[in-house]
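A.B. asks: Before we start, here is the structure in question, set down as C-alpha cells.
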Amino acid sequence: MALTEFSLIQQFFTQQKVKNASTDLGIGDDCALLSIPEGYQLAITTDTMVENVHFFAGTDPEDLGHKLLAVNLSDLASMGAKPLSVTLALTLPQVDESWLQAFSKGFLSLAEKYGVDLIGGDTTSGSLTLTVQAMGLVPKGQALLRSGAKPGDFIYLTGNIGDAGLGLKIKQGYVCENPQRPLQQFNHPEPQVEAGLALQSVANACIDISDGLASDLGHILELSQVGACLEWEALPLTTEVQAYIKETGDWSMPLTAGDDYQLCFTIRPEQVQHLTIPCTRIGVIETQSGLRVSKSGIIQPFSSKGYEHFS
C-alpha cells in the first residue's frame with residue numbers, strides 16, 4: 001500500500017533518540033511547543049535547497065539529508081547559538097521509500113550528534129525541494145553579529161577553504177588526482193557548532209562561509225562599515241586546492257567558492273590569547289572601505305560579489 005503523508009512522517013521522521021529539555025511538544029500536533037530558558041534568546045534561520053540549483057540530480061540521499069541540516073546548523077554556529085530544534089518541509093516528486101530511508105538517516109544522524117529535535121514540518125508533492133528552519137539558544141546580548149567588526153581586528157578562519165569549490169569542479173568534470181577530500185567537503189560538510197560556541201564571548205563579528213570567503217566577509221564589512229585586507233599566502237589551503245591553483249592559475253577560487261561552511265570571524269588582538277579553537281589568521285580589518293588582497297607583496301582590490309540566485 002502506498003505511503004500517505006502522515007504514514008511517511010511516522011515511518012521515517014519520528015524515531016529520534018534525542019529529546020532536548022526545551023522541547024515540550026514535538027511532532028504530532030498542529031504546532032510544536034518550546035520553552036525558552038530565562039536569559040536566552042531564540043536564534044532562527046531557514047534554508048531551502050532545490051534540485052539542480054543547490055544539488056545535482058541523483059545526489060546520494062544520505063549525504064543530502066546530512067548537508068541540508070548541516071547548512072542550517074552552520075548558520076546557528078555563526079551566531080554562537082547552541083542548536084535546539086528544527087522543522088523540515090519536503091516537496092517530493094514521488095514517494096521513494098529507499099530514498100527517504102537514506103535521507104532521514106543522514107538528517108537524523110547529524111541531528112542526534114548535536115542534540116537537535118525534529119519538532120515538525122510539512123510534506124507535499126512537486127519538484128524536489130527541501131527546507132529546514134533551525135532554532136538555537138544564545139545568551140541575551142552574546143549573539144555574534146555581522147555588524148561588530150572594528151578597525152584593527154584580526155580576521156580568522158576555522159578550517160580550510162576551497163575544498164568544496166574544488167569538489168564542485170570535480171563534479172563538473174575537473175580531474176583531480178586525489179578527489180576524496182574535496183568531494184567529502186562538498187557532499188558532507190561538518191557545521192562548526194563547537195567553534196561557534198567557543199567564540200561566543202571572544203569574537204567581535206562572525207559569519208559562516210556559504211557563498212565564498214570574499215562575499216561573506218563582504219557582508220561583515222558592509223554592516224560594520226569597515227574594510228579589510230586579506231593575506232593570500234596565509235589562506236589555509238589543502239594540498240589538493242594548492243595543486244589545482246598551480247595547474248590552472250585560478251588563485252581566486254578559494255576566495256570565491258562557497259559551501260565550505262567554515263567560520264570567518266574578527267577579534268581584537270588582545271583577545272587572541274583566549275582562542276581555544278584551531279584557526280588561522282588571514283587578514284586585518286581596516287578603516288578604508290572595500291576588500292583588498294595582498295598577494296606576493298602586491299595589494300589589489302578584490303570584488304566581494306558572490307552567487308546571486310536572481311542575477
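So you can find residues: chains in the C-alpha cells are A, B, ... in the order shown, residues in each start at 1, and ligands are numbered from 1 in order.
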Just want the 8 Å neighbourhood of A:Glu112, counted on only C-alpha atoms, with same-chain residues fewer than 5 positions away dropped. Output as a compact mmCIF listing (two decimals) with N, CA and C atoms, in the first residue's frame.

C.D. replies:
# COMPACT_ATOMS: atom_id res chain seq x y z
N GLN A 16 13.52 9.53 16.52
CA GLN A 16 14.69 10.13 17.16
C GLN A 16 14.89 9.62 18.58
N LYS A 17 16.16 9.54 18.97
CA LYS A 17 16.50 9.14 20.34
C LYS A 17 16.70 10.37 21.25
N VAL A 18 17.11 11.48 20.67
CA VAL A 18 17.39 12.65 21.49
C VAL A 18 16.10 13.40 21.83
N ASP A 117 16.27 18.35 18.14
CA ASP A 117 14.98 17.67 17.96
C ASP A 117 14.32 18.12 16.66

A.B. asks: I need the residues in stretch 141-216 of chain A that are strand (DSSP E) according to DSSP; give them as a list in words.

C.D. replies: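 Output for stretch 141-216 of chain A, strand (DSSP E) only: Phe154, Ile155, Tyr156, Leu157, Ala205, Cys206, Ile207 and Asp208 of chain A.
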
A.B. asks: Those selected residues, please, written with N, CA and C atoms and delivered as an mmCIF file, in the first residue's frame.

C.D. replies:
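Generated file (result_37.cif):
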data_model
loop_
_atom_site.group_PDB
_atom_site.id
_atom_site.type_symbol
_atom_site.label_atom_id
_atom_site.label_comp_id
_atom_site.auth_asym_id
_atom_site.auth_seq_id
_atom_site.Cartn_x
_atom_site.Cartn_y
_atom_site.Cartn_z
ATOM 1 N N PHE A 154 41.804 41.455 14.020
ATOM 2 C CA PHE A 154 42.366 40.416 13.170
ATOM 3 C C PHE A 154 41.225 39.579 12.597
ATOM 4 N N ILE A 155 41.417 39.089 11.375
ATOM 5 C CA ILE A 155 40.439 38.218 10.733
ATOM 6 C C ILE A 155 40.954 36.786 10.804
ATOM 7 N N TYR A 156 40.125 35.906 11.318
ATOM 8 C CA TYR A 156 40.497 34.499 11.467
ATOM 9 C C TYR A 156 39.514 33.600 10.725
ATOM 10 N N LEU A 157 39.983 32.392 10.436
ATOM 11 C CA LEU A 157 39.168 31.409 9.731
ATOM 12 C C LEU A 157 39.361 30.045 10.373
ATOM 13 N N ALA A 205 32.774 39.834 15.489
ATOM 14 C CA ALA A 205 31.835 39.587 14.399
ATOM 15 C C ALA A 205 32.118 38.201 13.836
ATOM 16 N N CYS A 206 31.097 37.600 13.211
ATOM 17 C CA CYS A 206 31.278 36.243 12.701
ATOM 18 C C CYS A 206 30.279 35.983 11.586
ATOM 19 N N ILE A 207 30.669 35.106 10.642
ATOM 20 C CA ILE A 207 29.791 34.671 9.558
ATOM 21 C C ILE A 207 30.273 33.300 9.095
ATOM 22 N N ASP A 208 29.370 32.491 8.549
ATOM 23 C CA ASP A 208 29.809 31.207 8.001
ATOM 24 C C ASP A 208 30.044 31.355 6.500
#

A.B. asks: Calculated over only C-alpha atoms, which of the candidates A:Val202, A:Leu221, A:Ala81, A:Ile285 has the smallest distance to A:Glu270?

C.D. replies: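 Smallest distance to A:Glu270 is found for A:Val202.
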
A.B. asks: Which neighbours of stretch 99-110 of chain A fall inside 10 Å, counting only C-alpha atoms, when residues of the same chain fewer than 4 positions from it are skipped, and could you give them as a PyMOL selection string?

C.D. replies: chain A and resi 8-9+11-18+60-70+73+88+92+95+114-118+188+190-191

A.B. asks: I need the residues from that last selection saved to file as a PDB file, in the first residue's frame (with C-alpha atoms), if you can.

C.D. replies:
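Below is the file that was written, part.pdb:
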ATOM      1  CA  LEU A   8       5.560   8.789   5.637  1.00  0.00           C
ATOM      2  CA  ILE A   9       6.271  11.111   8.565  1.00  0.00           C
ATOM      3  CA  GLN A  11       7.850   5.824   9.379  1.00  0.00           C
ATOM      4  CA  PHE A  12      10.890   7.976   8.604  1.00  0.00           C
ATOM      5  CA  PHE A  13      10.922  11.049  10.856  1.00  0.00           C
ATOM      6  CA  THR A  14       9.618  10.165  14.329  1.00  0.00           C
ATOM      7  CA  GLN A  15      12.262   7.708  15.512  1.00  0.00           C
ATOM      8  CA  GLN A  16      14.688  10.135  17.163  1.00  0.00           C
ATOM      9  CA  LYS A  17      16.500   9.145  20.341  1.00  0.00           C
ATOM     10  CA  VAL A  18      17.391  12.654  21.492  1.00  0.00           C
ATOM     11  CA  ASP A  60      23.259  10.438  -2.566  1.00  0.00           C
ATOM     12  CA  PRO A  61      20.203  10.985  -0.329  1.00  0.00           C
ATOM     13  CA  GLU A  62      22.103  10.251   2.893  1.00  0.00           C
ATOM     14  CA  ASP A  63      24.642  12.947   2.030  1.00  0.00           C
ATOM     15  CA  LEU A  64      21.787  15.245   1.064  1.00  0.00           C
ATOM     16  CA  GLY A  65      19.997  14.770   4.396  1.00  0.00           C
ATOM     17  CA  HIS A  66      23.230  15.487   6.255  1.00  0.00           C
ATOM     18  CA  LYS A  67      24.072  18.576   4.190  1.00  0.00           C
ATOM     19  CA  LEU A  68      20.573  20.043   4.427  1.00  0.00           C
ATOM     20  CA  LEU A  69      20.776  20.075   8.204  1.00  0.00           C
ATOM     21  CA  ALA A  70      24.474  20.994   8.272  1.00  0.00           C
ATOM     22  CA  LEU A  73      23.421  24.362  11.913  1.00  0.00           C
ATOM     23  CA  LEU A  88      11.595  20.067   7.925  1.00  0.00           C
ATOM     24  CA  LEU A  92       8.825  15.285  -3.291  1.00  0.00           C
ATOM     25  CA  VAL A  95       7.376   8.655  -2.607  1.00  0.00           C
ATOM     26  CA  TYR A 114      24.163  17.821  18.168  1.00  0.00           C
ATOM     27  CA  GLY A 115      21.128  17.052  20.339  1.00  0.00           C
ATOM     28  CA  VAL A 116      18.671  18.617  17.900  1.00  0.00           C
ATOM     29  CA  ASP A 117      14.983  17.674  17.956  1.00  0.00           C
ATOM     30  CA  LEU A 118      12.953  17.455  14.749  1.00  0.00           C
ATOM     31  CA  HIS A 188      29.215  16.115   3.581  1.00  0.00           C
ATOM     32  CA  GLU A 190      30.587  19.485   9.067  1.00  0.00           C
ATOM     33  CA  PRO A 191      28.994  22.514  10.789  1.00  0.00           C
TER      34      PRO A 191
END

A.B. asks: Enumerate, as an MDAnalysis selection string, the complete set of residues in stretch 216-283 of chain A that a backbone-based DSSP assignment places in alpha helix (DSSP H).

C.D. replies: chainID A and resid 216:224 239:248 253:256

A.B. asks: Selected residues, C-alpha atoms, written as a compact mmCIF listing (two decimals), in the first residue's frame, please.

C.D. replies:
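Heads up, here's the output in selection-v8.txt:
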# COMPACT_ATOMS: atom_id res chain seq x y z
CA ASP A 216 30.60 36.50 3.09
CA LEU A 217 33.35 38.63 4.62
CA GLY A 218 31.90 41.43 2.48
CA HIS A 219 28.67 41.21 4.49
CA ILE A 220 30.65 41.85 7.68
CA LEU A 221 32.45 44.78 6.07
CA GLU A 222 29.21 46.33 4.85
CA LEU A 223 27.28 46.03 8.11
CA SER A 224 30.28 47.03 10.24
CA THR A 239 47.36 20.14 -0.95
CA GLU A 240 44.53 19.35 -3.38
CA VAL A 241 43.48 23.00 -3.66
CA GLN A 242 47.11 24.12 -3.96
CA ALA A 243 47.62 21.61 -6.78
CA TYR A 244 44.51 22.90 -8.56
CA ILE A 245 45.77 26.50 -8.34
CA LYS A 246 49.21 25.51 -9.59
CA GLU A 247 47.70 23.68 -12.56
CA THR A 248 45.06 26.25 -13.54
CA MET A 253 38.95 30.20 -6.43
CA PRO A 254 39.38 29.76 -2.64
CA LEU A 255 38.14 33.33 -2.16
CA THR A 256 35.01 32.96 -4.29

A.B. asks: Considering only C-alpha atoms, return as a ChimeraX atom specification whatever protein or nucleic-acid residues lie within 8 Å of stretch 34-50 of chain A, sequence-local ones (same chain, fewer than 4 positions apart) excluded.

C.D. replies: /A:22-25,54-55,68,71-72,75-76,79,81,128-140

A.B. asks: Determine the nearest neighbour of A:Gly152 from the options A:Thr266, A:Gln273, A:Ser294, A:Lys19, counting only C-alpha atoms.

C.D. replies: A:Thr266
